[in-house]
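Worksheet: the structure to be examined is printed underneath.
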Amino acid sequence: MKIMVAVKRVIDYAVKIRVKSDKTGVEMNNIKMSMNPFCEIALEEALRIKESGLAAEVIAVSMGSNQCVDTLRTGLAMGADRAIHVDTTSTLYPLSVAKILKALIDIEKPGLLILGKQVSRKAIDDDCNQTGQMVAGLLKWPQGTFASKVVVDKEKQVARVDREVDGGLETLCLDLPAVITTDLRLNQPRYATLPNIMKAKSKVIKKVTPAELNVEIKSDLELVQVTEPPKRKGGVIVSSVDELINKLKNEAHVI
């Protein structure tokens with residue numbers, strides 16, 4: 001069985017985000033970039049499934065400009081067997097990403113597609129949380145989102161997924177092939193070792209374009225404006241429960 005993992009290049013989670021002066025987006029120049037943390041979790045889970053003998057190959061996929069190659073090399077250094085770069089300078093929205101993933105899946109025929117719950121317009125930068133659900137719909141595959149535990153049964157060709165919901169944990173049994181999106185508590189991603197980083201530099205990364213996959217990139221969303229959230233006011237100490245209730249009711253207007 002093959003496992004395909006979608007990974008995205010995003011602004012590093014430790015970097016303070018700054019909005020452009022014209023409010024058309026965020027500053028990207030001279031900013032440290034890294035792999036989306038949820039993508040790291042998805043890749044780590046795919047590697048663990050392979051290491052347990054339940055998969056033969058892990059394929060990392062990324063979409064965007066040439067800089068995405070650095071993210072793919074990180075994935076190769078972590079342990080992915082192959083990498084595919086979908087080369088495009090167009091802005092990618094969730095439905096376009098889902099269509100590209102479907103086209104790649106039709107070619108590669110993986111048994112599992114694993115994504116972070118926020119990746120490829122479901123990342124820590126955009127926080128859309130849509131791509132996994134969309135690609136599952138296009139493929140007509142079962143899906144398990146927000147996975148906190150994944151157990152694959154190779155003989156029965158099913159994956160058991162524990163997913164986090166508001167009331168606790170929900171367990172799903174998915175027939176393979178399936179789509180799984182990962183939550184933060186699924187695992188702790190490994191660090192790439194220096195020898196593997198050096199080896200990854202020489203590995204060939206397959207490059208394709210959306211046109212070669214017969215996917216038309218078009219915008220179904222319009223970005224109107226990007227603004228910073230309002231600054232939070234300082235907290236206050238109240239002297240009694242009555243004063244707290246009064247402030248919540250008359251100032252915060254939450255009760």
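Ligands are numbered from 1 in the order shown, chains are lettered A, B, ... in the order of the structure tokens, and residues start at 1 in each chain.
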>> Give me the residues near segment 159-170 of chain A as JSON, numbers by chain, where near means some atom within 8 Å (using only C-alpha atoms) and where sequence neighbours in that chain fewer than 2 positions away do not count.
In response: {"A": [144, 145, 146, 147, 148, 149, 150, 151, 152, 153, 157, 172, 173, 174, 175, 176, 183]}
Next, write the just-selected residues to a file, as a CSV table (one decimal), in the first residue's frame, keeping N, CA, C and O atoms as the atom set.
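Generated file (part22.csv):
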chain,number,residue,atom,x,y,z
A,144,GLY,N,-11.8,10.4,7.8
A,144,GLY,CA,-11.7,10.6,9.3
A,144,GLY,C,-11.0,11.8,9.6
A,144,GLY,O,-9.8,11.9,9.3
A,145,THR,N,-11.6,12.9,10.1
A,145,THR,CA,-11.0,14.1,10.3
A,145,THR,C,-10.6,14.3,11.8
A,145,THR,O,-11.2,13.7,12.7
A,146,PHE,N,-9.6,15.2,12.1
A,146,PHE,CA,-9.2,15.5,13.4
A,146,PHE,C,-8.7,14.3,14.2
A,146,PHE,O,-9.1,14.0,15.3
A,147,ALA,N,-8.0,13.4,13.5
A,147,ALA,CA,-7.6,12.1,14.1
A,147,ALA,C,-6.6,12.3,15.2
A,147,ALA,O,-5.6,13.0,15.0
A,148,SER,N,-6.9,11.7,16.3
A,148,SER,CA,-5.9,11.7,17.5
A,148,SER,C,-5.3,10.3,17.6
A,148,SER,O,-4.3,10.1,18.4
A,149,LYS,N,-5.8,9.3,16.9
A,149,LYS,CA,-5.2,8.0,16.9
A,149,LYS,C,-5.6,7.3,15.6
A,149,LYS,O,-6.8,7.3,15.2
A,150,VAL,N,-4.7,6.6,15.0
A,150,VAL,CA,-4.9,5.9,13.7
A,150,VAL,C,-4.4,4.4,13.8
A,150,VAL,O,-3.2,4.3,14.1
A,151,VAL,N,-5.2,3.4,13.6
A,151,VAL,CA,-4.8,2.0,13.6
A,151,VAL,C,-5.2,1.4,12.3
A,151,VAL,O,-6.4,1.4,12.0
A,152,VAL,N,-4.3,0.9,11.5
A,152,VAL,CA,-4.6,0.3,10.2
A,152,VAL,C,-4.6,-1.2,10.3
A,152,VAL,O,-3.6,-1.8,10.9
A,153,ASP,N,-5.6,-1.8,9.8
A,153,ASP,CA,-5.7,-3.3,9.7
A,153,ASP,C,-5.5,-3.7,8.3
A,153,ASP,O,-6.4,-3.5,7.5
A,157,GLN,N,-8.3,-4.5,5.6
A,157,GLN,CA,-8.3,-3.3,4.7
A,157,GLN,C,-9.2,-2.2,5.3
A,157,GLN,O,-10.1,-1.6,4.6
A,172,LEU,N,-14.2,5.9,14.4
A,172,LEU,CA,-14.7,5.6,13.1
A,172,LEU,C,-13.9,4.4,12.5
A,172,LEU,O,-12.7,4.3,12.8
A,173,CYS,N,-14.6,3.6,11.8
A,173,CYS,CA,-13.9,2.5,11.1
A,173,CYS,C,-14.1,2.7,9.6
A,173,CYS,O,-15.2,2.7,9.1
A,174,LEU,N,-13.0,3.0,8.9
A,174,LEU,CA,-13.0,3.5,7.5
A,174,LEU,C,-12.5,2.3,6.6
A,174,LEU,O,-11.4,1.8,6.9
A,175,ASP,N,-13.3,2.0,5.6
A,175,ASP,CA,-12.8,1.1,4.5
A,175,ASP,C,-11.7,1.8,3.7
A,175,ASP,O,-11.9,3.0,3.3
A,176,LEU,N,-10.6,1.1,3.4
A,176,LEU,CA,-9.6,1.7,2.6
A,176,LEU,C,-9.9,1.5,1.1
A,176,LEU,O,-10.5,0.5,0.8
A,183,ASP,N,-4.9,15.5,13.9
A,183,ASP,CA,-5.0,16.6,14.9
A,183,ASP,C,-3.6,16.7,15.6
A,183,ASP,O,-2.7,15.9,15.4
>> Could you check the closest approach to Ile31 of chain A for each of A:Arg18, A:Met198, A:Leu112, A:Ile11 and tell me which residue wins, using only C-alpha atoms?
In response: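 Between A:Arg18, A:Met198, A:Leu112, A:Ile11, the residue approaching Ile31 of chain A most closely is A:Ile11.
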> Within 12 Å of segment 135-139 of chain A, counting only C-alpha atoms, which residues qualify if same-chain residues fewer than 4 places away don't, as a ChimeraX atom specification?
Replying inline: /A:6,94-106,109-110,112-115,120,129-131,143-145,176-181
Preceding selection exported with N, CA and C atoms as a short mmCIF file (atom, residue, chain, number, x, y, z; two decimals), in the first residue's frame:
data_model
loop_
_atom_site.label_atom_id
_atom_site.label_comp_id
_atom_site.auth_asym_id
_atom_site.auth_seq_id
_atom_site.Cartn_x
_atom_site.Cartn_y
_atom_site.Cartn_z
N ALA A 6 0.08 15.21 1.90
CA ALA A 6 0.18 16.58 1.38
C ALA A 6 0.89 17.45 2.42
N PRO A 94 -8.90 26.01 -1.61
CA PRO A 94 -9.14 24.62 -1.22
C PRO A 94 -9.64 23.71 -2.33
N LEU A 95 -10.58 24.17 -3.14
CA LEU A 95 -11.14 23.29 -4.17
C LEU A 95 -10.10 22.96 -5.23
N SER A 96 -9.27 23.92 -5.61
CA SER A 96 -8.22 23.67 -6.59
C SER A 96 -7.21 22.66 -6.04
N VAL A 97 -6.84 22.80 -4.77
CA VAL A 97 -5.91 21.86 -4.14
C VAL A 97 -6.51 20.46 -4.12
N ALA A 98 -7.79 20.38 -3.78
CA ALA A 98 -8.46 19.07 -3.74
C ALA A 98 -8.48 18.41 -5.12
N LYS A 99 -8.71 19.20 -6.16
CA LYS A 99 -8.73 18.65 -7.52
C LYS A 99 -7.35 18.16 -7.95
N ILE A 100 -6.31 18.90 -7.56
CA ILE A 100 -4.95 18.47 -7.88
C ILE A 100 -4.61 17.17 -7.14
N LEU A 101 -4.98 17.09 -5.88
CA LEU A 101 -4.73 15.86 -5.12
C LEU A 101 -5.48 14.68 -5.73
N LYS A 102 -6.71 14.91 -6.15
CA LYS A 102 -7.48 13.83 -6.78
C LYS A 102 -6.78 13.35 -8.06
N ALA A 103 -6.27 14.29 -8.87
CA ALA A 103 -5.58 13.92 -10.10
C ALA A 103 -4.34 13.09 -9.80
N LEU A 104 -3.59 13.48 -8.77
CA LEU A 104 -2.39 12.72 -8.39
C LEU A 104 -2.75 11.34 -7.85
N ILE A 105 -3.84 11.27 -7.10
CA ILE A 105 -4.28 9.99 -6.54
C ILE A 105 -4.72 9.05 -7.66
N ASP A 106 -5.36 9.59 -8.68
CA ASP A 106 -5.77 8.76 -9.82
C ASP A 106 -4.55 8.14 -10.50
N LYS A 109 -2.49 5.93 -7.14
CA LYS A 109 -3.32 4.89 -6.52
C LYS A 109 -2.89 4.55 -5.07
N PRO A 110 -2.80 5.54 -4.19
CA PRO A 110 -2.46 5.23 -2.80
C PRO A 110 -3.64 4.62 -2.07
N LEU A 112 -4.03 5.33 1.22
CA LEU A 112 -4.37 6.34 2.23
C LEU A 112 -3.87 7.70 1.76
N LEU A 113 -4.68 8.71 1.98
CA LEU A 113 -4.25 10.09 1.84
C LEU A 113 -4.32 10.70 3.22
N ILE A 114 -3.17 11.18 3.72
CA ILE A 114 -3.13 11.78 5.05
C ILE A 114 -2.73 13.24 4.92
N LEU A 115 -3.51 14.10 5.55
CA LEU A 115 -3.24 15.53 5.55
C LEU A 115 -3.31 16.03 6.99
N SER A 120 -2.64 22.96 3.00
CA SER A 120 -3.00 23.37 1.65
C SER A 120 -4.30 24.16 1.67
N ASN A 129 -9.37 24.64 6.85
CA ASN A 129 -9.94 23.34 7.25
C ASN A 129 -10.99 22.87 6.26
N GLN A 130 -10.59 22.74 4.99
CA GLN A 130 -11.54 22.33 3.95
C GLN A 130 -11.01 21.26 3.00
N THR A 131 -9.71 21.24 2.74
CA THR A 131 -9.18 20.43 1.65
C THR A 131 -9.43 18.94 1.83
N GLN A 143 -13.87 9.36 5.10
CA GLN A 143 -12.91 10.29 5.69
C GLN A 143 -12.99 10.25 7.21
N GLY A 144 -11.83 10.44 7.83
CA GLY A 144 -11.74 10.58 9.28
C GLY A 144 -10.96 11.83 9.58
N THR A 145 -11.63 12.86 10.10
CA THR A 145 -10.99 14.15 10.33
C THR A 145 -10.62 14.32 11.80
N LEU A 176 -10.63 1.11 3.45
CA LEU A 176 -9.58 1.68 2.61
C LEU A 176 -9.91 1.50 1.14
N PRO A 177 -9.54 2.45 0.27
CA PRO A 177 -8.77 3.66 0.55
C PRO A 177 -9.61 4.72 1.26
N ALA A 178 -8.90 5.62 1.98
CA ALA A 178 -9.59 6.62 2.78
C ALA A 178 -8.75 7.87 2.91
N VAL A 179 -9.40 8.94 3.39
CA VAL A 179 -8.73 10.21 3.66
C VAL A 179 -8.74 10.45 5.16
N ILE A 180 -7.57 10.79 5.72
CA ILE A 180 -7.46 11.07 7.15
C ILE A 180 -6.79 12.43 7.33
N THR A 181 -7.38 13.28 8.18
CA THR A 181 -6.72 14.52 8.55
C THR A 181 -6.33 14.44 10.02
#
> Any idea what's packed within 6 Å of Ser65 of chain A, counting only C-alpha atoms, ignoring anything in its chain fewer than 4 positions away? Could you give it as a ChimeraX atom specification?
Replying inline: /A:87-89
Would you save the residues from that selection as a compact mmCIF listing (two decimals), in the first residue's frame, using C-alpha atoms?
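Generated file (again-v2.txt):
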# COMPACT_ATOMS: atom_id res chain seq x y z
CA ASP A 87 4.67 23.71 -9.86
CA THR A 88 2.37 26.74 -9.99
CA THR A 89 2.57 30.41 -9.11
>> Can you pull out the residues contacting Ser219 of chain A? Cut-off 8 Å, using only C-alpha atoms, and skip same-chain residues under 4 positions away; I want them as a ChimeraX atom specification.
In response: /A:91-93
> So which residues touch segment 54-62 of chain A within 7 Å, counting only C-alpha atoms, skipping near sequence neighbours fewer than 6 positions away, as number ranges by chain?
Replying inline: A: 1-8, 46-47, 68, 72, 75, 80-86, 154
Export, as a compact mmCIF listing (two decimals), in the first residue's frame, the selected residues with C-alpha atoms.
# COMPACT_ATOMS: atom_id res chain seq x y z
CA MET A 1 0.00 0.00 0.00
CA LYS A 2 1.16 3.54 -0.78
CA ILE A 3 0.45 6.49 1.48
CA MET A 4 0.28 9.99 0.02
CA VAL A 5 0.86 12.96 2.33
CA ALA A 6 0.18 16.58 1.38
CA VAL A 7 2.63 19.08 2.88
CA LYS A 8 2.64 22.87 2.73
CA ALA A 46 2.50 7.89 7.49
CA LEU A 47 6.11 6.99 8.32
CA CYS A 68 8.19 24.30 -2.07
CA LEU A 72 9.67 18.47 0.15
CA GLY A 75 9.88 15.53 4.07
CA ALA A 80 9.44 9.94 2.75
CA ASP A 81 10.38 7.71 -0.18
CA ARG A 82 9.39 10.03 -3.01
CA ALA A 83 8.28 13.62 -3.50
CA ILE A 84 6.09 15.34 -6.08
CA HIS A 85 6.11 19.08 -6.67
CA VAL A 86 3.08 20.58 -8.41
CA LYS A 154 -4.02 -4.56 6.59
>> If you run DSSP on the backbone here, which positions in segment 7-55 of chain A get strand (DSSP E)? Please write them as a PyMOL selection string.
In response: chain A and resi 9-11+33-35
What would the file look like if the residues just selected were written as a PDB file, in the first residue's frame with C-alpha atoms?
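Output file out31.pdb is given in full below:
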ATOM      1  CA  ARG A   9       5.286  25.573   3.063  1.00  0.00           C
ATOM      2  CA  VAL A  10       4.108  28.249   5.503  1.00  0.00           C
ATOM      3  CA  ILE A  11       5.501  31.050   7.631  1.00  0.00           C
ATOM      4  CA  MET A  33       9.408  29.514   6.239  1.00  0.00           C
ATOM      5  CA  SER A  34       8.930  25.906   7.321  1.00  0.00           C
ATOM      6  CA  MET A  35       6.652  22.928   6.915  1.00  0.00           C
TER       7      MET A  35
END
>> Give me the residues near Leu244 of chain A as a VMD selection string, where near means some atom within 12 Å (using only C-alpha atoms) and where sequence neighbours in that chain fewer than 6 positions away do not count.
In response: chain A and resid 235 to 238 250 to 255
Keeping C-alpha atoms, export the residues of the selection given above as a short mmCIF file (atom, residue, chain, number, x, y, z; two decimals), in the first residue's frame.
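Below is the file result19.cif, written as the result:
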data_model
loop_
_atom_site.label_atom_id
_atom_site.label_comp_id
_atom_site.auth_asym_id
_atom_site.auth_seq_id
_atom_site.Cartn_x
_atom_site.Cartn_y
_atom_site.Cartn_z
CA GLY A 235 -7.62 42.47 32.48
CA VAL A 236 -9.12 43.73 35.72
CA ILE A 237 -9.42 42.21 39.18
CA VAL A 238 -12.94 42.18 40.61
CA ASN A 250 -23.13 45.23 31.08
CA GLU A 251 -19.60 45.61 29.67
CA ALA A 252 -18.70 42.35 27.91
CA HIS A 253 -22.35 41.61 26.99
CA VAL A 254 -21.76 37.85 27.14
CA ILE A 255 -24.57 37.00 29.56
#
> Out of A:Ala14, A:Ile205, A:Thr182, A:Gly132, which residue has the shortest atom-to-atom distance to Thr71 of chain A when counting only C-alpha atoms?
Replying inline: A:Ile205
